[in-house]
Amino acid sequence: MAKALTGEQEQERSGTDWWGEARGIFWLVLAVLGFHSLIAKPFYIPSESMMPTLLVGDRLVVTKYPYGYSYVTPTFHVLPFMQGRLFGSLPERGDIVIVTPTDQRTDYIKRVIGLPGETIEMHGGIVYLNGRAVQRERLGNRALKVDGNLTCDKNHYPGALGRNAAGELVCNVEIIRETLPNGKSYDTIDIGSMRADNFPPLRIPAGHVFLMGDNRDNSADSRMTQEQQGLGGPVPIENIGGRAEFITFSLDGSASWNPLSWAGSFRSGRAGDSLHPDRAGE
């Protein structure tokens, strides 16, 4: 008389449960996408527009929930523009945010400078909010170490390339610390007199924010048209995808496909740095 097989023995006899494996992978992918879309996701800095705060090669964490959820919240930007936010709240002045321009699929990272209903203008590189100049403090030159991700090319940083006492190539940039009306402070770079240093008074529409990069003379932001690769003026709050929180690690661009080169490509001293602006006096 044949002996009945148990479920486990039947599975061993029939081989791998491919349908079960596929279901497991599906739920895992769904969980990861859900976390990336609703909670937090990693972000890579591809440009120099937020120097000195952020360098090309920085990896950071962006949280999705601080301002609520909108059509740009999903990891893959597949939804058309939809007005409003679910559980929405307004970004704070000084926050570093991820923004997706309308009708685009590329994420930008900028700082919130102007809020809805305010008048913003810029003269000689000085930002004015509601007719009052934003507080500025000149901190002198800062020598940023040149590497594969920070080249200090002469077109963007004329006369800035030099060497430090150890003979290393550095990019000498002038640092100006701005303090916004809410007391939030951060460092900016001023290269010199540029066209983007001036624009006439602009009233920020309701439901919009005005964004700028910390590297003021090398940032395509709300001052630039979309044809200039900028944000095309104040952006709807629906286009804000999240808030930058902290740096996880940073790469200097020296790594190759050889795994032995990876360890030496990490920049020291940047992991864990908070991206929340300081309070004045801290």
# chains A, B, ... in the order shown; residues from 1 in each chain; ligands from 1
>>> select_by_dssp(residues="range 145-176 of chain A", states="strand (DSSP E)", output="tab-separated table (two decimals) with N, CA and C atoms, in the first residue's frame")
chain	number	residue	atom	x	y	z
A	145	LYS	N	38.52	71.31	-0.77
A	145	LYS	CA	39.47	70.40	-1.40
A	145	LYS	C	38.99	69.97	-2.78
A	161	LEU	N	41.13	78.58	-8.02
A	161	LEU	CA	41.97	77.40	-7.87
A	161	LEU	C	43.32	77.75	-7.27
A	162	GLY	N	43.72	77.02	-6.25
A	162	GLY	CA	45.01	77.27	-5.59
A	162	GLY	C	45.47	76.05	-4.84
A	163	ARG	N	46.45	76.25	-3.95
A	163	ARG	CA	46.95	75.15	-3.13
A	163	ARG	C	46.98	75.57	-1.67
A	169	LEU	N	45.47	70.73	-4.01
A	169	LEU	CA	44.65	71.64	-4.80
A	169	LEU	C	43.37	71.95	-4.03
A	170	VAL	N	43.03	73.25	-3.97
A	170	VAL	CA	41.82	73.67	-3.28
A	170	VAL	C	41.10	74.71	-4.13
A	171	CYS	N	39.81	74.87	-3.85
A	171	CYS	CA	38.98	75.89	-4.48
A	171	CYS	C	38.66	76.94	-3.43
A	172	ASN	N	39.21	78.14	-3.57
A	172	ASN	CA	39.03	79.20	-2.58
A	172	ASN	C	37.79	80.01	-2.94
A	173	VAL	N	36.76	79.88	-2.12
A	173	VAL	CA	35.50	80.56	-2.38
A	173	VAL	C	35.13	81.44	-1.19
A	174	GLU	N	34.49	82.57	-1.48
A	174	GLU	CA	34.06	83.47	-0.41
A	174	GLU	C	32.74	82.99	0.17
A	175	ILE	N	32.70	82.90	1.49
A	175	ILE	CA	31.52	82.41	2.19
A	175	ILE	C	30.78	83.58	2.84
A	176	ILE	N	29.48	83.64	2.58
A	176	ILE	CA	28.61	84.63	3.22
A	176	ILE	C	27.51	83.89	3.95
>>> closest_atom_pairs(of="range 204-275 of chain A", to="range 98-109 of chain A", cutoff="9 Å", atoms="only C-alpha atoms", output="tab-separated table")
residue	atom	partner	partner_atom	distance
A:Gly213	CA	A:Ile109	CA	7.8
A:Asp221	CA	A:Tyr108	CA	8.6
A:Gln226	CA	A:Pro101	CA	8.4
A:Gly230	CA	A:Pro101	CA	8.6
A:Leu231	CA	A:Pro101	CA	6.0
A:Gly232	CA	A:Pro101	CA	8.2
A:Val235	CA	A:Pro101	CA	7.3
A:Pro236	CA	A:Thr102	CA	8.5
A:Ile237	CA	A:Val99	CA	8.8
A:Glu238	CA	A:Val99	CA	9.0
A:Asn239	CA	A:Thr100	CA	5.3
A:Ile240	CA	A:Val99	CA	4.5
A:Gly241	CA	A:Ile98	CA	5.2
A:Gly242	CA	A:Ile98	CA	5.4
A:Arg243	CA	A:Ile98	CA	6.3
A:Ala244	CA	A:Ile98	CA	7.2
>>> select_by_dssp(residues="range 106-226 of chain A", states="helix (DSSP H, G or I)", output="list in words")
Arg195, Ala196, Asp197, Arg216, Asp217, Asn218 and Gln226 of chain A
>>> closest_residue(among="A:Arg59, A:His276, A:Lys41, A:Lys184", to="Phe249 in chain A", atoms="only C-alpha atoms")
A:Arg59
>>> closest_residue(among="A:Met51, A:Val112, A:Val62, A:Leu28", to="Ser222 in chain A", atoms="only C-alpha atoms")
A:Val112
>>> closest_residue(among="A:Arg142, A:His208, A:Lys154, A:Arg23", to="Ile113 in chain A", atoms="only C-alpha atoms")
A:His208
>>> residues_around(residues="Leu202 in chain A", least_positions_apart="2", cutoff="9 Å", atoms="only C-alpha atoms", output="VMD selection string")
chain A and resid 118 to 121 199 to 200 204
>>> closest_residue(among="A:Phe81, A:Tyr65, A:Phe210, A:Phe246", to="Leu115 in chain A", atoms="only C-alpha atoms")
A:Phe210
>>> atom_distance(atom1="CA of Ile189 in chain A", atom2="CA of Gly94 in chain A")
15.7 Å
